[in-house]
Amino acid sequence: MSENKIVSASLVVASLLLLFLSPTALFAAEYYVDGVNGNDENDGSSDFPWQTIGYAISNGQASGTDTIYIRYAVYNELLSLKAENTHALNLIGIAENGNMPVINGADRGGPPHNIYLIDFNGTVQGLEVTAARGHGIDISGESKAAKILRCKVHGNAKGIHVNHTSTPLIAGNFVYSNRDCGVATMAESSATVDG
């Protein structure tokens with residue numbers, strides 16, 4: 001077999017291995033949410049964003065290691081990332097004039113936590129999380145590689161609550177004026193809190 005054929009065969013085998021070993025990384029998509037100008041009938045693209053974050057994470061809209069970019073608005077939503085297809089999603093806030101997108105629990109009934117992450121290993125970044133009756137951000141189960149980065153968490157009963165065997169990275173956040181505590185690590189959890 002010639003050297004060129006060996007190299008070509010090696011490239012094909014390597015490509016197939018990458019495809020089977022990490023298909024979600026190869027096909028991760030980017031979606032957009034705009035609470036002011038979006039519509040949940042749209043396709044979630046930058047030009048035609050969805051209106052609600054809940055729609056983006058429900059019914060398999062975004063899954064695997066997809067990234068949902070959240071434009072500035074006030075979102076009166078409960079974000080529950082506990083389904084298996086949402087365990088590695090990335091929620092990234094896009095600030096406008098220095099203001100982060102707001103996840104607000106004040107006008108929302110139902111469960112007490114604003115962002116509920118179970119067995120989560122994605123990233124939550126650049127969101128303002130406020131007015132939760134319970135936890136602003138609740139991280140539980142086996143969230144071994146979760147990242148909470150550069151968020152503003154205030155006015156909740158507990159700011160960021162880590163439970164079970166979770167070991168998230170909580171870095172660069174501004175956590176203040178939460179009624180019971182800012183960052184709590186419970187049970188066998190062990191968070192890395194930095195900055």
# chains A, B, ... in the order shown; residues from 1 in each chain; ligands from 1
>>> residues_around(residues="Asn121 in chain A", least_positions_apart="5", cutoff="10 Å", atoms="only C-alpha atoms", output="PyMOL selection string")
chain A and resi 65+86-90+142-147+166-168
>>> write_last_selection(atoms="all heavy atoms", output="CSV table (one decimal), in the first residue's frame")
chain,number,residue,atom,x,y,z
A,65,THR,N,-24.3,19.6,24.2
A,65,THR,CA,-23.4,20.7,24.6
A,65,THR,C,-23.7,22.0,23.9
A,65,THR,O,-22.9,22.8,23.7
A,65,THR,CB,-21.9,20.3,24.3
A,65,THR,OG1,-21.8,20.0,22.9
A,65,THR,CG2,-21.5,19.1,25.2
A,86,THR,N,-30.3,17.9,28.8
A,86,THR,CA,-29.9,19.3,29.2
A,86,THR,C,-28.7,19.3,30.1
A,86,THR,O,-28.3,20.4,30.6
A,86,THR,CB,-31.1,20.0,29.8
A,86,THR,OG1,-31.4,19.4,31.1
A,86,THR,CG2,-32.3,20.1,28.9
A,87,HIS,N,-28.1,18.2,30.5
A,87,HIS,CA,-27.1,18.1,31.5
A,87,HIS,C,-25.8,18.9,31.1
A,87,HIS,O,-25.0,19.2,32.0
A,87,HIS,CB,-26.7,16.7,31.8
A,87,HIS,CG,-27.7,16.0,32.6
A,87,HIS,ND1,-27.7,14.7,33.0
A,87,HIS,CD2,-28.9,16.4,33.1
A,87,HIS,CE1,-28.7,14.3,33.7
A,87,HIS,NE2,-29.5,15.4,33.8
A,88,ALA,N,-25.6,19.2,29.8
A,88,ALA,CA,-24.3,19.8,29.4
A,88,ALA,C,-24.6,21.1,28.6
A,88,ALA,O,-23.6,21.6,28.0
A,88,ALA,CB,-23.5,18.8,28.6
A,89,LEU,N,-25.8,21.6,28.7
A,89,LEU,CA,-26.1,22.9,28.0
A,89,LEU,C,-25.3,24.0,28.6
A,89,LEU,O,-24.9,24.0,29.8
A,89,LEU,CB,-27.6,23.2,28.1
A,89,LEU,CG,-28.5,22.4,27.3
A,89,LEU,CD1,-29.9,22.8,27.5
A,89,LEU,CD2,-28.2,22.5,25.8
A,90,ASN,N,-25.1,25.0,27.8
A,90,ASN,CA,-24.4,26.3,28.3
A,90,ASN,C,-25.4,27.4,28.1
A,90,ASN,O,-25.9,27.7,27.0
A,90,ASN,CB,-23.2,26.5,27.4
A,90,ASN,CG,-22.2,25.4,27.5
A,90,ASN,OD1,-21.6,25.1,28.5
A,90,ASN,ND2,-22.0,24.7,26.4
A,142,GLU,N,-25.0,14.9,40.8
A,142,GLU,CA,-23.6,14.7,40.6
A,142,GLU,C,-23.1,15.7,39.5
A,142,GLU,O,-22.8,15.4,38.4
A,142,GLU,CB,-23.3,13.3,40.1
A,142,GLU,CG,-23.5,12.3,41.2
A,142,GLU,CD,-23.0,10.9,40.8
A,142,GLU,OE1,-22.3,10.7,39.8
A,142,GLU,OE2,-23.3,9.9,41.6
A,143,SER,N,-23.2,17.0,39.9
A,143,SER,CA,-22.8,18.1,39.0
A,143,SER,C,-21.3,18.2,39.1
A,143,SER,O,-20.8,19.1,39.8
A,143,SER,CB,-23.6,19.3,39.3
A,143,SER,OG,-24.9,19.1,39.1
A,144,LYS,N,-20.5,17.4,38.5
A,144,LYS,CA,-19.1,17.3,38.7
A,144,LYS,C,-18.3,18.4,38.0
A,144,LYS,O,-17.3,18.9,38.4
A,144,LYS,CB,-18.5,16.0,38.3
A,144,LYS,CG,-19.1,14.8,39.1
A,144,LYS,CD,-18.8,14.8,40.5
A,144,LYS,CE,-19.3,13.6,41.2
A,144,LYS,NZ,-19.1,13.6,42.7
A,145,ALA,N,-18.8,18.8,36.8
A,145,ALA,CA,-18.0,19.8,36.0
A,145,ALA,C,-18.8,21.1,35.8
A,145,ALA,O,-18.5,21.8,34.8
A,145,ALA,CB,-17.6,19.2,34.7
A,146,ALA,N,-19.9,21.3,36.6
A,146,ALA,CA,-20.7,22.6,36.4
A,146,ALA,C,-19.8,23.8,36.6
A,146,ALA,O,-18.9,23.8,37.5
A,146,ALA,CB,-21.9,22.5,37.3
A,147,LYS,N,-20.1,24.9,35.9
A,147,LYS,CA,-19.5,26.1,36.1
A,147,LYS,C,-20.5,27.2,36.2
A,147,LYS,O,-21.4,27.4,35.3
A,147,LYS,CB,-18.5,26.5,34.9
A,147,LYS,CG,-17.4,25.5,34.7
A,147,LYS,CD,-16.5,25.9,33.5
A,147,LYS,CE,-15.4,24.9,33.3
A,147,LYS,NZ,-15.8,23.6,32.8
A,166,SER,N,-22.0,17.2,44.3
A,166,SER,CA,-21.6,18.2,43.3
A,166,SER,C,-20.3,18.8,43.6
A,166,SER,O,-20.0,19.1,44.8
A,166,SER,CB,-22.7,19.2,43.1
A,166,SER,OG,-23.9,18.6,42.6
A,167,THR,N,-19.5,19.1,42.6
A,167,THR,CA,-18.2,19.8,42.8
A,167,THR,C,-18.0,20.9,41.7
A,167,THR,O,-17.1,20.9,40.9
A,167,THR,CB,-17.0,18.8,42.6
A,167,THR,OG1,-17.1,18.1,41.4
A,167,THR,CG2,-17.1,17.8,43.8
A,168,PRO,N,-18.9,21.9,41.7
A,168,PRO,CA,-18.9,22.9,40.6
A,168,PRO,C,-17.8,23.9,40.9
A,168,PRO,O,-17.3,24.1,42.0
A,168,PRO,CB,-20.2,23.6,40.7
A,168,PRO,CG,-20.6,23.5,42.2
A,168,PRO,CD,-20.0,22.1,42.6
>>> residues_around(residues="Ile170 in chain A", least_positions_apart="6", cutoff="10 Å", atoms="only C-alpha atoms", output="PDB file with N, CA, C and O atoms, in the first residue's frame")
ATOM      1  N   VAL A 124     -23.230  28.131  33.316  1.00  0.00           N
ATOM      2  CA  VAL A 124     -24.178  29.233  33.454  1.00  0.00           C
ATOM      3  C   VAL A 124     -23.320  30.478  33.644  1.00  0.00           C
ATOM      4  O   VAL A 124     -22.533  30.552  34.592  1.00  0.00           O
ATOM      5  N   ALA A 146     -19.856  21.343  36.556  1.00  0.00           N
ATOM      6  CA  ALA A 146     -20.666  22.552  36.356  1.00  0.00           C
ATOM      7  C   ALA A 146     -19.827  23.793  36.607  1.00  0.00           C
ATOM      8  O   ALA A 146     -18.939  23.799  37.471  1.00  0.00           O
ATOM      9  N   LYS A 147     -20.139  24.859  35.865  1.00  0.00           N
ATOM     10  CA  LYS A 147     -19.453  26.141  36.052  1.00  0.00           C
ATOM     11  C   LYS A 147     -20.506  27.239  36.174  1.00  0.00           C
ATOM     12  O   LYS A 147     -21.380  27.370  35.311  1.00  0.00           O
ATOM     13  N   ILE A 148     -20.401  28.037  37.240  1.00  0.00           N
ATOM     14  CA  ILE A 148     -21.232  29.221  37.431  1.00  0.00           C
ATOM     15  C   ILE A 148     -20.266  30.396  37.376  1.00  0.00           C
ATOM     16  O   ILE A 148     -19.463  30.587  38.302  1.00  0.00           O
ATOM     17  N   LEU A 149     -20.308  31.173  36.311  1.00  0.00           N
ATOM     18  CA  LEU A 149     -19.284  32.178  36.050  1.00  0.00           C
ATOM     19  C   LEU A 149     -19.891  33.566  35.856  1.00  0.00           C
ATOM     20  O   LEU A 149     -20.866  33.726  35.112  1.00  0.00           O
ATOM     21  N   ARG A 150     -19.298  34.545  36.504  1.00  0.00           N
ATOM     22  CA  ARG A 150     -19.601  35.970  36.295  1.00  0.00           C
ATOM     23  C   ARG A 150     -21.096  36.293  36.327  1.00  0.00           C
ATOM     24  O   ARG A 150     -21.601  37.059  35.513  1.00  0.00           O
ATOM     25  N   CYS A 151     -21.799  35.693  37.287  1.00  0.00           N
ATOM     26  CA  CYS A 151     -23.215  35.997  37.480  1.00  0.00           C
ATOM     27  C   CYS A 151     -23.374  36.968  38.648  1.00  0.00           C
ATOM     28  O   CYS A 151     -22.500  37.089  39.497  1.00  0.00           O
ATOM     29  N   ILE A 160     -26.406  30.799  45.961  1.00  0.00           N
ATOM     30  CA  ILE A 160     -26.018  29.603  45.209  1.00  0.00           C
ATOM     31  C   ILE A 160     -25.941  28.463  46.207  1.00  0.00           C
ATOM     32  O   ILE A 160     -25.199  28.533  47.185  1.00  0.00           O
ATOM     33  N   VAL A 183     -23.311  31.623  49.388  1.00  0.00           N
ATOM     34  CA  VAL A 183     -22.975  30.351  48.762  1.00  0.00           C
ATOM     35  C   VAL A 183     -22.989  29.292  49.853  1.00  0.00           C
ATOM     36  O   VAL A 183     -22.308  29.435  50.872  1.00  0.00           O
ATOM     37  N   ALA A 191     -17.631  22.656  46.485  1.00  0.00           N
ATOM     38  CA  ALA A 191     -17.518  23.627  45.404  1.00  0.00           C
ATOM     39  C   ALA A 191     -16.170  24.333  45.475  1.00  0.00           C
ATOM     40  O   ALA A 191     -15.625  24.544  46.553  1.00  0.00           O
ATOM     41  N   THR A 192     -15.645  24.718  44.331  1.00  0.00           N
ATOM     42  CA  THR A 192     -14.493  25.604  44.266  1.00  0.00           C
ATOM     43  C   THR A 192     -15.036  27.019  44.057  1.00  0.00           C
ATOM     44  O   THR A 192     -15.678  27.277  43.038  1.00  0.00           O
ATOM     45  N   VAL A 193     -14.832  27.887  45.035  1.00  0.00           N
ATOM     46  CA  VAL A 193     -15.342  29.255  44.962  1.00  0.00           C
ATOM     47  C   VAL A 193     -14.145  30.175  44.791  1.00  0.00           C
ATOM     48  O   VAL A 193     -13.250  30.187  45.625  1.00  0.00           O
ATOM     49  N   ASP A 194     -14.148  30.943  43.708  1.00  0.00           N
ATOM     50  CA  ASP A 194     -12.992  31.774  43.393  1.00  0.00           C
ATOM     51  C   ASP A 194     -13.466  33.143  42.908  1.00  0.00           C
ATOM     52  O   ASP A 194     -14.402  33.245  42.123  1.00  0.00           O
ATOM     53  N   GLY A 195     -12.825  34.170  43.390  1.00  0.00           N
ATOM     54  CA  GLY A 195     -13.097  35.516  42.892  1.00  0.00           C
ATOM     55  C   GLY A 195     -14.430  36.055  43.312  1.00  0.00           C
ATOM     56  O   GLY A 195     -15.024  36.843  42.600  1.00  0.00           O
TER      57      GLY A 195
END
>>> residues_around(residues="Glu84 in chain A", least_positions_apart="6", cutoff="9 Å", atoms="only C-alpha atoms", output="list in words")
Ser63, Gly64, Asp119 and Phe120 of chain A
>>> write_last_selection(atoms="N, CA, C and O atoms", output="PDB file, in the first residue's frame")
ATOM      1  N   SER A  63     -29.904  20.773  23.107  1.00  0.00           N
ATOM      2  CA  SER A  63     -29.528  19.569  23.851  1.00  0.00           C
ATOM      3  C   SER A  63     -28.025  19.344  23.743  1.00  0.00           C
ATOM      4  O   SER A  63     -27.328  20.064  23.037  1.00  0.00           O
ATOM      5  N   GLY A  64     -27.559  18.335  24.443  1.00  0.00           N
ATOM      6  CA  GLY A  64     -26.132  18.020  24.413  1.00  0.00           C
ATOM      7  C   GLY A  64     -25.307  19.178  24.926  1.00  0.00           C
ATOM      8  O   GLY A  64     -25.589  19.734  25.978  1.00  0.00           O
ATOM      9  N   ASP A 119     -27.330  16.993  38.148  1.00  0.00           N
ATOM     10  CA  ASP A 119     -26.347  16.241  37.350  1.00  0.00           C
ATOM     11  C   ASP A 119     -25.872  17.088  36.170  1.00  0.00           C
ATOM     12  O   ASP A 119     -25.679  16.590  35.058  1.00  0.00           O
ATOM     13  N   PHE A 120     -25.674  18.353  36.417  1.00  0.00           N
ATOM     14  CA  PHE A 120     -25.389  19.331  35.364  1.00  0.00           C
ATOM     15  C   PHE A 120     -23.890  19.512  35.196  1.00  0.00           C
ATOM     16  O   PHE A 120     -23.158  19.644  36.184  1.00  0.00           O
TER      17      PHE A 120
END
>>> residues_around(residues="range 67-73 of chain A", least_positions_apart="5", cutoff="6 Å", atoms="only C-alpha atoms", output="mmCIF file with C-alpha atoms, in the first residue's frame")
data_model
loop_
_atom_site.group_PDB
_atom_site.id
_atom_site.type_symbol
_atom_site.label_atom_id
_atom_site.label_comp_id
_atom_site.auth_asym_id
_atom_site.auth_seq_id
_atom_site.Cartn_x
_atom_site.Cartn_y
_atom_site.Cartn_z
ATOM 1 C CA GLU A 30 -25.836 27.862 19.054
ATOM 2 C CA TYR A 31 -29.267 29.282 19.798
ATOM 3 C CA TYR A 32 -30.533 32.711 20.859
ATOM 4 C CA VAL A 33 -33.255 33.927 23.188
ATOM 5 C CA ASP A 34 -34.544 37.500 23.251
ATOM 6 C CA GLY A 35 -37.225 38.226 25.841
ATOM 7 C CA LEU A 89 -26.059 22.869 27.996
ATOM 8 C CA ASN A 90 -24.409 26.275 28.252
ATOM 9 C CA LEU A 91 -26.519 29.314 29.221
ATOM 10 C CA ILE A 92 -24.590 32.475 28.355
ATOM 11 C CA GLY A 93 -25.992 35.932 29.088
ATOM 12 C CA ILE A 94 -25.407 38.802 26.671
ATOM 13 C CA ALA A 95 -25.254 42.095 28.565
ATOM 14 C CA GLU A 96 -26.695 45.304 27.181
ATOM 15 C CA MET A 100 -27.149 41.321 32.473
ATOM 16 C CA PRO A 101 -30.228 39.309 31.495
#
>>> select_by_dssp(residues="range 70-160 of chain A", states="strand (DSSP E)", output="NGL selection string")
:A and (70-71 or 74-75 or 79-81 or 90-94 or 102-104 or 115-118 or 123-125 or 128-130 or 135-140 or 147-149 or 152-154 or 158-160)
>>> select_by_dssp(residues="range 26-170 of chain A", states="alpha helix (DSSP H)", output="PDB file with N, CA, C and O atoms, in the first residue's frame")
ATOM      1  N   LEU A  26     -18.997  17.613  18.298  1.00  0.00           N
ATOM      2  CA  LEU A  26     -18.846  17.936  16.885  1.00  0.00           C
ATOM      3  C   LEU A  26     -20.058  18.680  16.336  1.00  0.00           C
ATOM      4  O   LEU A  26     -19.946  19.451  15.395  1.00  0.00           O
ATOM      5  N   ILE A  53     -36.466  31.313  27.624  1.00  0.00           N
ATOM      6  CA  ILE A  53     -35.385  30.352  27.859  1.00  0.00           C
ATOM      7  C   ILE A  53     -35.983  28.967  28.055  1.00  0.00           C
ATOM      8  O   ILE A  53     -35.435  27.966  27.605  1.00  0.00           O
ATOM      9  N   GLY A  54     -37.133  28.921  28.742  1.00  0.00           N
ATOM     10  CA  GLY A  54     -37.799  27.640  28.981  1.00  0.00           C
ATOM     11  C   GLY A  54     -38.105  26.902  27.692  1.00  0.00           C
ATOM     12  O   GLY A  54     -37.951  25.679  27.614  1.00  0.00           O
ATOM     13  N   TYR A  55     -38.521  27.630  26.668  1.00  0.00           N
ATOM     14  CA  TYR A  55     -38.786  26.984  25.378  1.00  0.00           C
ATOM     15  C   TYR A  55     -37.489  26.430  24.793  1.00  0.00           C
ATOM     16  O   TYR A  55     -37.467  25.326  24.249  1.00  0.00           O
ATOM     17  N   ALA A  56     -36.411  27.188  24.935  1.00  0.00           N
ATOM     18  CA  ALA A  56     -35.121  26.752  24.370  1.00  0.00           C
ATOM     19  C   ALA A  56     -34.630  25.451  24.991  1.00  0.00           C
ATOM     20  O   ALA A  56     -33.993  24.651  24.316  1.00  0.00           O
ATOM     21  N   ILE A  57     -34.929  25.242  26.285  1.00  0.00           N
ATOM     22  CA  ILE A  57     -34.411  24.041  26.960  1.00  0.00           C
ATOM     23  C   ILE A  57     -35.451  22.925  27.052  1.00  0.00           C
ATOM     24  O   ILE A  57     -35.153  21.876  27.605  1.00  0.00           O
TER      25      ILE A  57
END
>>> closest_residue(among="A:Val129, A:Tyr116, A:Gly172, A:Gly122", to="Val102 in chain A", atoms="only C-alpha atoms")
A:Val129
>>> closest_residue(among="A:Ser46, A:Pro111, A:Gly136, A:Ser58", to="Cys181 in chain A", atoms="only C-alpha atoms")
A:Gly136
>>> residues_around(residues="Gly159 in chain A", least_positions_apart="2", cutoff="7 Å", atoms="only C-alpha atoms", output="PDB file with N, CA and C atoms, in the first residue's frame")
ATOM      1  N   HIS A 135     -33.627  29.024  46.395  1.00  0.00           N
ATOM      2  CA  HIS A 135     -32.262  29.223  45.936  1.00  0.00           C
ATOM      3  C   HIS A 135     -32.258  29.957  44.597  1.00  0.00           C
ATOM      4  N   GLY A 136     -31.367  30.930  44.488  1.00  0.00           N
ATOM      5  CA  GLY A 136     -31.193  31.576  43.192  1.00  0.00           C
ATOM      6  C   GLY A 136     -30.726  30.553  42.172  1.00  0.00           C
ATOM      7  N   ILE A 137     -29.647  29.847  42.503  1.00  0.00           N
ATOM      8  CA  ILE A 137     -29.125  28.760  41.672  1.00  0.00           C
ATOM      9  C   ILE A 137     -28.953  27.547  42.568  1.00  0.00           C
ATOM     10  N   VAL A 153     -25.861  37.405  41.752  1.00  0.00           N
ATOM     11  CA  VAL A 153     -26.874  36.615  42.455  1.00  0.00           C
ATOM     12  C   VAL A 153     -27.240  37.348  43.736  1.00  0.00           C
ATOM     13  N   HIS A 154     -28.468  37.859  43.811  1.00  0.00           N
ATOM     14  CA  HIS A 154     -28.844  38.683  44.967  1.00  0.00           C
ATOM     15  C   HIS A 154     -30.350  38.634  45.210  1.00  0.00           C
ATOM     16  N   ASN A 156     -32.215  36.651  46.985  1.00  0.00           N
ATOM     17  CA  ASN A 156     -32.826  35.328  47.076  1.00  0.00           C
ATOM     18  C   ASN A 156     -32.792  34.873  48.533  1.00  0.00           C
ATOM     19  N   ALA A 157     -33.466  33.775  48.859  1.00  0.00           N
ATOM     20  CA  ALA A 157     -33.313  33.217  50.205  1.00  0.00           C
ATOM     21  C   ALA A 157     -31.866  32.720  50.366  1.00  0.00           C
ATOM     22  N   HIS A 161     -26.713  27.415  45.973  1.00  0.00           N
ATOM     23  CA  HIS A 161     -26.803  26.280  46.896  1.00  0.00           C
ATOM     24  C   HIS A 161     -26.265  25.038  46.195  1.00  0.00           C
ATOM     25  N   VAL A 175     -22.098  37.983  44.571  1.00  0.00           N
ATOM     26  CA  VAL A 175     -23.166  37.380  45.369  1.00  0.00           C
ATOM     27  C   VAL A 175     -23.379  38.246  46.598  1.00  0.00           C
ATOM     28  N   ASN A 178     -28.439  38.130  49.933  1.00  0.00           N
ATOM     29  CA  ASN A 178     -29.323  36.970  49.965  1.00  0.00           C
ATOM     30  C   ASN A 178     -29.681  36.716  51.428  1.00  0.00           C
ATOM     31  N   CYS A 181     -27.950  32.946  53.055  1.00  0.00           N
ATOM     32  CA  CYS A 181     -26.507  32.823  52.805  1.00  0.00           C
ATOM     33  C   CYS A 181     -26.224  33.136  51.346  1.00  0.00           C
ATOM     34  N   GLY A 182     -24.967  33.414  51.079  1.00  0.00           N
ATOM     35  CA  GLY A 182     -24.552  33.699  49.709  1.00  0.00           C
ATOM     36  C   GLY A 182     -24.288  32.426  48.926  1.00  0.00           C
ATOM     37  N   VAL A 183     -23.311  31.623  49.388  1.00  0.00           N
ATOM     38  CA  VAL A 183     -22.975  30.351  48.762  1.00  0.00           C
ATOM     39  C   VAL A 183     -22.989  29.292  49.853  1.00  0.00           C
TER      40      VAL A 183
END
>>> closest_residue(among="A:Pro49, A:Pro112, A:Gly60, A:Gly38", to="Ala131 in chain A", atoms="only C-alpha atoms")
A:Pro112
>>> decode(residues="range 33-61 of chain A", atoms="N, CA and C atoms", output="mmCIF file, in the first residue's frame")
data_model
loop_
_atom_site.group_PDB
_atom_site.id
_atom_site.type_symbol
_atom_site.label_atom_id
_atom_site.label_comp_id
_atom_site.auth_asym_id
_atom_site.auth_seq_id
_atom_site.Cartn_x
_atom_site.Cartn_y
_atom_site.Cartn_z
ATOM 1 N N VAL A 33 -31.984 33.582 22.557
ATOM 2 C CA VAL A 33 -33.255 33.927 23.188
ATOM 3 C C VAL A 33 -33.267 35.439 23.387
ATOM 4 N N ASP A 34 -34.380 36.061 23.068
ATOM 5 C CA ASP A 34 -34.544 37.500 23.251
ATOM 6 C C ASP A 34 -35.933 37.737 23.844
ATOM 7 N N GLY A 35 -35.960 38.058 25.141
ATOM 8 C CA GLY A 35 -37.225 38.226 25.841
ATOM 9 C C GLY A 35 -38.039 39.406 25.381
ATOM 10 N N VAL A 36 -37.446 40.325 24.634
ATOM 11 C CA VAL A 36 -38.163 41.508 24.145
ATOM 12 C C VAL A 36 -38.632 41.307 22.707
ATOM 13 N N ASN A 37 -37.732 40.892 21.836
ATOM 14 C CA ASN A 37 -38.042 40.824 20.405
ATOM 15 C C ASN A 37 -38.181 39.405 19.857
ATOM 16 N N GLY A 38 -38.039 38.388 20.719
ATOM 17 C CA GLY A 38 -38.107 37.015 20.236
ATOM 18 C C GLY A 38 -39.516 36.485 20.146
ATOM 19 N N ASN A 39 -39.624 35.273 19.589
ATOM 20 C CA ASN A 39 -40.908 34.594 19.456
ATOM 21 C C ASN A 39 -40.623 33.094 19.489
ATOM 22 N N ASP A 40 -41.350 32.361 20.320
ATOM 23 C CA ASP A 40 -41.109 30.924 20.427
ATOM 24 C C ASP A 40 -41.517 30.156 19.177
ATOM 25 N N GLU A 41 -42.093 30.826 18.205
ATOM 26 C CA GLU A 41 -42.379 30.209 16.901
ATOM 27 C C GLU A 41 -41.175 30.327 15.972
ATOM 28 N N ASN A 42 -40.161 31.106 16.364
ATOM 29 C CA ASN A 42 -38.962 31.281 15.536
ATOM 30 C C ASN A 42 -38.094 30.029 15.566
ATOM 31 N N ASP A 43 -36.952 30.092 14.868
ATOM 32 C CA ASP A 43 -36.049 28.938 14.813
ATOM 33 C C ASP A 43 -34.893 29.010 15.815
ATOM 34 N N GLY A 44 -34.838 30.079 16.622
ATOM 35 C CA GLY A 44 -33.783 30.185 17.631
ATOM 36 C C GLY A 44 -32.455 30.686 17.093
ATOM 37 N N SER A 45 -32.426 31.155 15.874
ATOM 38 C CA SER A 45 -31.184 31.689 15.302
ATOM 39 C C SER A 45 -30.953 33.105 15.811
ATOM 40 N N SER A 46 -29.807 33.664 15.524
ATOM 41 C CA SER A 46 -29.486 35.022 15.953
ATOM 42 C C SER A 46 -30.486 36.035 15.389
ATOM 43 N N ASP A 47 -30.894 35.859 14.138
ATOM 44 C CA ASP A 47 -31.841 36.782 13.514
ATOM 45 C C ASP A 47 -33.293 36.515 13.905
ATOM 46 N N PHE A 48 -33.585 35.273 14.298
ATOM 47 C CA PHE A 48 -34.947 34.892 14.667
ATOM 48 C C PHE A 48 -34.933 34.143 16.002
ATOM 49 N N PRO A 49 -34.649 34.866 17.091
ATOM 50 C CA PRO A 49 -34.498 34.215 18.397
ATOM 51 C C PRO A 49 -35.839 33.785 19.001
ATOM 52 N N TRP A 50 -35.756 32.846 19.931
ATOM 53 C CA TRP A 50 -36.922 32.479 20.724
ATOM 54 C C TRP A 50 -37.161 33.563 21.775
ATOM 55 N N GLN A 51 -38.333 33.564 22.376
ATOM 56 C CA GLN A 51 -38.653 34.564 23.384
ATOM 57 C C GLN A 51 -38.346 34.093 24.797
ATOM 58 N N THR A 52 -38.487 32.794 25.061
ATOM 59 C CA THR A 52 -38.303 32.298 26.428
ATOM 60 C C THR A 52 -37.174 31.276 26.503
ATOM 61 N N ILE A 53 -36.466 31.313 27.624
ATOM 62 C CA ILE A 53 -35.385 30.352 27.859
ATOM 63 C C ILE A 53 -35.983 28.967 28.055
ATOM 64 N N GLY A 54 -37.133 28.921 28.742
ATOM 65 C CA GLY A 54 -37.799 27.640 28.981
ATOM 66 C C GLY A 54 -38.105 26.902 27.692
ATOM 67 N N TYR A 55 -38.521 27.630 26.668
ATOM 68 C CA TYR A 55 -38.786 26.984 25.378
ATOM 69 C C TYR A 55 -37.489 26.430 24.793
ATOM 70 N N ALA A 56 -36.411 27.188 24.935
ATOM 71 C CA ALA A 56 -35.121 26.752 24.370
ATOM 72 C C ALA A 56 -34.630 25.451 24.991
ATOM 73 N N ILE A 57 -34.929 25.242 26.285
ATOM 74 C CA ILE A 57 -34.411 24.041 26.960
ATOM 75 C C ILE A 57 -35.451 22.925 27.052
ATOM 76 N N SER A 58 -36.641 23.147 26.520
ATOM 77 C CA SER A 58 -37.665 22.105 26.605
ATOM 78 C C SER A 58 -37.858 21.447 25.246
ATOM 79 N N ASN A 59 -38.466 20.289 25.286
ATOM 80 C CA ASN A 59 -38.854 19.573 24.061
ATOM 81 C C ASN A 59 -37.689 19.317 23.109
ATOM 82 N N GLY A 60 -36.468 19.256 23.651
ATOM 83 C CA GLY A 60 -35.312 18.920 22.816
ATOM 84 C C GLY A 60 -34.880 20.009 21.859
ATOM 85 N N GLN A 61 -35.316 21.254 22.089
ATOM 86 C CA GLN A 61 -34.883 22.343 21.205
ATOM 87 C C GLN A 61 -33.359 22.442 21.220
#
